[in-house]
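For reference, input11.tsv (TSV, C-alpha atoms):
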```tsv
chain	number	residue	atom	x	y	z
P	93	MET	CA	66.50	-39.54	4.06
P	94	ILE	CA	65.85	-39.74	0.35
P	95	SER	CA	69.45	-40.37	-0.74
P	96	ASP	CA	69.66	-43.51	1.41
P	97	THR	CA	66.50	-44.83	-0.19
P	98	VAL	CA	67.96	-44.14	-3.64
P	99	LEU	CA	71.21	-45.88	-2.65
P	100	THR	CA	69.38	-48.96	-1.36
P	101	ALA	CA	67.34	-49.16	-4.55
P	102	ALA	CA	70.50	-48.72	-6.65
P	103	ILE	CA	72.26	-51.51	-4.72
P	104	SER	CA	69.33	-53.87	-5.29
P	105	LEU	CA	69.14	-52.95	-8.98
P	106	SER	CA	72.91	-53.40	-9.43
P	107	LEU	CA	72.85	-56.79	-7.72
P	108	ALA	CA	69.99	-57.89	-9.97
P	109	LEU	CA	71.80	-56.70	-13.13
P	110	LEU	CA	75.03	-58.40	-12.06
P	111	SER	CA	73.13	-61.61	-11.35
P	112	PHE	CA	71.75	-61.61	-14.88
P	113	ALA	CA	75.25	-60.90	-16.22
P	114	LEU	CA	76.60	-63.84	-14.21
P	115	LEU	CA	73.84	-66.06	-15.59
P	116	ALA	CA	74.57	-65.03	-19.20
P	117	THR	CA	78.30	-65.66	-18.71
P	118	ILE	CA	77.63	-69.11	-17.25
P	119	ILE	CA	75.39	-69.88	-20.25
P	120	ARG	CA	78.35	-69.01	-22.48
P	121	ILE	CA	80.74	-71.16	-20.44
P	122	VAL	CA	78.41	-74.15	-20.60
P	123	ARG	CA	77.53	-73.71	-24.27
P	124	GLY	CA	80.89	-72.36	-25.47
P	125	PRO	CA	81.81	-74.39	-28.52
P	126	THR	CA	85.58	-74.16	-28.02
P	127	LEU	CA	88.05	-73.95	-25.18
P	128	PRO	CA	89.01	-70.27	-25.73
P	129	ASP	CA	85.34	-69.31	-25.46
P	130	ARG	CA	85.21	-70.91	-22.04
P	131	VAL	CA	88.45	-69.23	-21.00
P	132	LEU	CA	86.99	-65.89	-22.06
P	133	GLY	CA	83.87	-66.71	-20.08
P	134	LEU	CA	85.97	-67.39	-16.99
P	135	ASP	CA	87.76	-64.06	-17.49
P	136	MET	CA	84.39	-62.31	-17.69
P	137	LEU	CA	83.21	-64.24	-14.62
P	138	VAL	CA	86.13	-62.82	-12.64
P	139	ALA	CA	85.28	-59.29	-13.81
P	140	ILE	CA	81.65	-59.71	-12.74
P	141	ALA	CA	82.73	-61.16	-9.40
P	142	ILE	CA	84.87	-58.06	-8.85
P	143	GLY	CA	81.80	-55.94	-9.57
P	144	PHE	CA	79.81	-57.99	-7.07
P	145	ILE	CA	82.49	-57.47	-4.44
P	146	ALA	CA	82.44	-53.71	-5.06
P	147	VAL	CA	78.65	-53.57	-4.65
P	148	ILE	CA	78.87	-55.64	-1.45
P	149	ALA	CA	81.54	-53.20	-0.24
P	150	ILE	CA	79.09	-50.34	-0.76
P	151	LYS	CA	76.25	-52.31	0.86
P	152	THR	CA	78.16	-53.28	3.98
P	153	GLY	CA	80.50	-50.28	4.23
P	154	PHE	CA	83.67	-52.37	4.63
P	155	GLY	CA	86.58	-50.86	2.68
P	156	LEU	CA	88.59	-54.06	2.97
P	157	TYR	CA	86.55	-55.64	0.21
P	158	ILE	CA	88.49	-53.50	-2.29
P	159	ASP	CA	91.68	-55.38	-1.40
P	160	ILE	CA	89.90	-58.68	-2.02
P	161	ALA	CA	88.84	-57.33	-5.42
P	162	ILE	CA	92.45	-56.42	-6.25
P	163	ALA	CA	93.65	-59.91	-5.29
P	164	LEU	CA	90.89	-61.53	-7.31
P	165	GLY	CA	91.78	-59.40	-10.34
P	166	LEU	CA	95.42	-60.45	-10.10
P	167	VAL	CA	94.49	-64.13	-9.87
P	168	GLY	CA	92.09	-63.80	-12.81
P	169	PHE	CA	94.73	-62.10	-14.95
P	170	LEU	CA	97.31	-64.81	-14.24
P	171	ALA	CA	94.74	-67.57	-14.84
P	172	THR	CA	93.79	-66.10	-18.21
P	173	ILE	CA	97.45	-65.86	-19.25
P	174	ALA	CA	98.08	-69.46	-18.17
P	175	PHE	CA	95.01	-70.63	-20.10
P	176	ALA	CA	96.17	-68.71	-23.17
P	177	ARG	CA	99.50	-70.55	-22.97
P	178	PHE	CA	97.61	-73.81	-22.65
P	179	VAL	CA	95.46	-73.02	-25.70
P	180	LEU	CA	98.60	-72.21	-27.66
P	181	THR	CA	100.43	-75.43	-26.80
P	182	ARG	CA	97.41	-77.69	-27.05
P	183	GLY	CA	96.29	-76.51	-30.48
P	184	LEU	CA	92.87	-77.71	-31.56
P	185	ALA	CA	93.60	-81.43	-31.58
P	186	PRO	CA	90.59	-82.61	-29.52
P	187	GLU	CA	88.16	-80.33	-31.35
P	188	ARG	CA	89.46	-81.09	-34.83
P	189	ALA	CA	87.22	-84.10	-35.45
P	190	ALA	CA	84.02	-82.32	-34.47
P	191	LYS	CA	85.01	-79.14	-36.27
P	192	ALA	CA	85.92	-80.90	-39.52
P	193	VAL	CA	82.37	-82.25	-39.74
P	194	THR	CA	80.64	-78.93	-39.11
P	195	ASP	CA	83.02	-76.87	-41.22
P	196	THR	CA	82.87	-78.86	-44.44
P	197	GLY	CA	80.78	-76.31	-46.34
P	198	ASN	CA	82.72	-73.47	-44.80
P	199	LEU	CA	85.97	-75.14	-45.80
P	200	ALA	CA	85.08	-75.44	-49.48
P	201	LYS	CA	84.20	-71.75	-49.61
P	202	ARG	CA	87.41	-70.76	-47.88
P	203	SER	CA	89.70	-72.75	-50.15
P	204	LYS	CA	88.17	-70.99	-53.14
P	205	THR	CA	89.40	-67.69	-51.79
P	206	GLY	CA	92.93	-68.95	-51.74
P	207	ARG	CA	93.14	-69.95	-48.12
P	208	PRO	CA	94.75	-73.36	-47.89
P	209	SER	CA	92.90	-74.35	-44.76
P	210	HIS	CA	92.38	-77.96	-45.83
P	211	ARG	CA	96.12	-78.56	-45.82
P	212	LYS	CA	96.29	-77.65	-42.20
P	213	ARG	CA	93.65	-80.12	-41.15
P	214	LYS	CA	95.35	-82.95	-43.01
P	215	GLY	CA	98.82	-82.06	-41.82
P	216	VAL	CA	98.08	-81.73	-38.15
P	217	ARG	CA	99.78	-84.46	-36.21
U	264	MET	CA	76.66	-28.05	3.93
U	265	ALA	CA	78.39	-31.29	4.84
U	266	ALA	CA	75.08	-33.09	4.75
U	267	GLN	CA	74.38	-31.71	1.28
U	268	ILE	CA	77.78	-32.88	0.03
U	269	GLU	CA	77.07	-36.31	1.48
U	270	THR	CA	73.72	-36.43	-0.27
U	271	VAL	CA	75.28	-35.51	-3.60
U	272	VAL	CA	78.03	-38.11	-3.17
U	273	THR	CA	75.47	-40.78	-2.33
U	274	LEU	CA	73.42	-39.95	-5.42
U	275	VAL	CA	76.53	-39.99	-7.61
U	276	VAL	CA	77.54	-43.35	-6.13
U	277	ALA	CA	74.09	-44.77	-6.87
U	278	LEU	CA	74.21	-43.51	-10.47
U	279	VAL	CA	77.76	-44.77	-11.15
U	280	MET	CA	76.93	-48.14	-9.60
U	281	VAL	CA	73.87	-48.69	-11.78
U	282	VAL	CA	75.79	-47.60	-14.89
U	283	GLY	CA	78.65	-49.99	-14.05
U	284	ALA	CA	76.27	-52.90	-13.47
U	285	SER	CA	74.58	-52.09	-16.79
U	286	PHE	CA	77.95	-52.20	-18.56
U	287	SER	CA	78.66	-55.60	-17.00
U	288	LEU	CA	75.28	-56.91	-18.11
U	289	LEU	CA	75.79	-55.58	-21.66
U	290	ALA	CA	79.21	-57.26	-21.79
U	291	ALA	CA	77.69	-60.56	-20.69
U	292	ILE	CA	74.91	-60.23	-23.28
U	293	GLY	CA	77.58	-59.57	-25.91
U	294	LEU	CA	79.42	-62.66	-24.72
U	295	VAL	CA	76.31	-64.73	-25.36
U	296	ARG	CA	75.15	-63.13	-28.60
U	297	PHE	CA	78.28	-62.55	-30.67
U	298	PRO	CA	79.14	-65.18	-33.28
U	299	ASP	CA	82.75	-66.16	-32.57
U	300	LEU	CA	85.58	-65.85	-30.08
U	301	TYR	CA	87.19	-62.78	-31.59
U	302	THR	CA	84.03	-60.68	-31.52
U	303	ARG	CA	83.09	-61.92	-28.05
U	304	MET	CA	86.46	-60.70	-26.87
U	305	HIS	CA	85.46	-57.11	-27.74
U	306	ALA	CA	82.49	-57.26	-25.39
U	307	ALA	CA	84.29	-59.05	-22.57
U	308	SER	CA	87.48	-57.03	-22.49
U	309	LYS	CA	86.12	-53.51	-23.08
U	310	ALA	CA	82.63	-53.34	-21.62
U	311	GLY	CA	83.50	-55.80	-18.87
U	312	THR	CA	86.49	-53.76	-17.73
U	313	VAL	CA	84.50	-50.53	-17.72
U	314	GLY	CA	81.72	-52.24	-15.77
U	315	SER	CA	83.85	-53.60	-12.94
U	316	GLY	CA	85.98	-50.43	-12.98
U	317	LEU	CA	82.96	-48.17	-12.51
U	318	LEU	CA	81.68	-50.38	-9.68
U	319	LEU	CA	85.07	-50.17	-7.96
U	320	PHE	CA	85.08	-46.41	-8.47
U	321	ALA	CA	81.66	-46.19	-6.85
U	322	ALA	CA	82.86	-48.30	-3.92
U	323	GLY	CA	85.87	-46.03	-3.42
U	324	LEU	CA	83.73	-42.90	-3.67
U	325	HIS	CA	81.16	-44.21	-1.19
U	326	SER	CA	83.76	-44.76	1.55
U	327	LEU	CA	84.64	-41.00	1.66
U	328	ASP	CA	88.12	-42.13	2.75
U	329	PRO	CA	91.13	-41.10	0.65
U	330	ALA	CA	93.05	-44.31	1.40
U	331	ILE	CA	90.24	-46.54	0.20
U	332	PHE	CA	89.48	-44.28	-2.74
U	333	VAL	CA	93.11	-44.40	-3.93
U	334	ARG	CA	93.10	-48.17	-3.51
U	335	ALA	CA	89.96	-48.46	-5.63
U	336	LEU	CA	91.52	-46.21	-8.27
U	337	ALA	CA	94.66	-48.38	-8.23
U	338	ALA	CA	92.50	-51.46	-8.78
U	339	PHE	CA	90.74	-49.69	-11.67
U	340	VAL	CA	94.08	-48.77	-13.26
U	341	PHE	CA	95.32	-52.32	-12.75
U	342	PHE	CA	92.31	-53.76	-14.58
U	343	VAL	CA	92.60	-51.23	-17.38
U	344	LEU	CA	96.25	-52.26	-17.80
U	345	THR	CA	95.75	-56.03	-17.62
U	346	ALA	CA	92.51	-56.55	-19.55
U	347	PRO	CA	93.98	-55.71	-23.00
U	348	ILE	CA	97.05	-57.83	-22.28
U	349	SER	CA	95.09	-60.93	-21.36
U	350	ALA	CA	92.62	-60.44	-24.22
U	351	HIS	CA	95.45	-59.97	-26.71
U	352	LEU	CA	97.30	-63.05	-25.44
U	353	LEU	CA	94.18	-65.20	-25.60
U	354	ALA	CA	93.24	-63.98	-29.09
U	355	LYS	CA	96.78	-64.50	-30.36
U	356	ALA	CA	96.99	-67.99	-28.85
U	357	ALA	CA	93.61	-68.98	-30.29
U	358	HIS	CA	94.52	-67.55	-33.70
U	359	GLN	CA	97.86	-69.34	-33.76
U	360	ALA	CA	96.32	-72.58	-32.55
U	361	GLY	CA	94.04	-72.44	-35.59
U	362	TYR	CA	90.63	-71.38	-34.32
U	363	ARG	CA	88.84	-69.84	-37.28
U	364	MET	CA	86.84	-66.65	-37.43
U	365	SER	CA	83.13	-66.85	-38.12
U	366	LYS	CA	81.81	-66.66	-41.66
U	367	LEU	CA	80.55	-63.13	-41.00
U	368	SER	CA	84.10	-61.79	-40.62
U	369	VAL	CA	85.19	-59.58	-43.48
U	370	ILE	CA	88.96	-59.83	-43.41
U	371	ASP	CA	91.73	-61.59	-41.48
U	372	GLN	CA	94.97	-59.79	-42.19
U	373	LEU	CA	97.14	-61.97	-39.96
U	374	PRO	CA	97.91	-65.18	-41.84
U	375	GLN	CA	97.32	-68.28	-39.75
U	376	LYS	CA	100.38	-70.48	-39.63
U	377	GLU	CA	100.05	-73.84	-41.31
U	378	GLU	CA	102.45	-75.61	-38.98
U	379	ALA	CA	100.98	-74.12	-35.80
U	380	GLY	CA	99.01	-77.23	-34.94
U	381	ARG	CA	102.01	-79.48	-35.29
U	382	ARG	CA	104.09	-78.22	-32.41
```

Mind turning the file's structure into structure tokens?
Amino acid sequence: MISDTVLTAAISLSLALLSFALLATIIRIVRGPTLPDRVLGLDMLVAIAIGFIAVIAIKTGFGLYIDIAIALGLVGFLATIAFARFVLTRGLAPERAAKAVTDTGNLAKRSKTGRPSHRKRKGVR
Amino acid sequence: MAAQIETVVTLVVALVMVVGASFSLLAAIGLVRFPDLYTRMHAASKAGTVGSGLLLFAAGLHSLDPAIFVRALAAFVFFVLTAPISAHLLAKAAHQAGYRMSKLSVIDQLPQKEEAGRR
């Protein structure tokens, strides 16, 4: 039957696209210059994993996979919120030294526009 | 007649699945290509949610079972509700912690607190 052939091809194509999406997200997590970038990458990773689970549910025909996707979404949501709290309490103390070096030109331009960003870097802790 | 309906549903499922996977891929490409956290968040929280939501919708449609379809729709609604909340919390935390926007940004109307890093 032609529709089954189309469905099989669509499943393969979707799995390939999701694999590339997973690869791109992992590149961002590895490269991500700051902690919030990596947290965002993990959030996106959970979303792509949910997509994978949905495609596997179509491929195998098990409806129970949807429940796994719901549970995974809940865990991902809570993890992102916890990481956001962590980012808020941690501040950018460990990244300050590296950032101050790379942002020197940027900093001079910013302070001209009236943004007192240099005071922050001196005053932190 | 029933066979025709099944064929149409299968074709719709295939189409929705490919579109959802494409949205996920576009979100991931945006995550890699955009210049800073705040622009990456647009790609991850909007296109990513639509991508996984469409895939879940396709999975629910493919089962041809109302219970599973409603469960997939509930998951979709849950992601649509939670994705903006988590993105907003993360952006607000990063902004308050002092992470700067990229140089390409035009305006930042929310003043960053000077004492935020001290707490």

Handout entry: Expected residue set, 10 Å radius at (91.0, -69.9, -32.9), only C-alpha atoms, as a ChimeraX atom specification
Key = /P:126-129,179-180,183-184 /U:299-301,353-365,375

Exercise for the section: Using only C-alpha atoms, determine which residues of chain P fall within 8 Å of chain U; present them as a ChimeraX atom specification. Expected result: /P:95-96,98-99,102-103,105-107,109-110,112-114,116-117,119-120,128-129,132-133,135-136,139-140,142-143,146-147,149-150,153,155,158-159,161-162,165,169,172-173,175-177,179-185,198,209,211-212,215-217

Handout entry: Closest of P:Gly124, P:Ala171, P:Thr152, P:Phe144 to Ala108 in chain P - atom-to-atom distances counting all atoms listed in the file
Key =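 Selected residue with least distance to Ala108 in chain P: P:Phe144.
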
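Relative to CA of Ser111 in chain P, CA of Ala174 in chain P is found at 27.0 Å.
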
Handout entry: Length of the CA of Ile160 in chain P to CA of Pro329 in chain U vector [Å]
Key = 17.8 Å

Practice task
Could you tell me which of U:Ile268, U:Thr302, U:Lys309, U:Phe297 comes closest to Pro347 in chain U if we count all atoms listed in the file?
Solution key: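 So, comparing all the options, the nearest one is U:Lys309.
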
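Going from CA of Lys151 in chain P to CA of Thr97 in chain P covers 12.3 Å.
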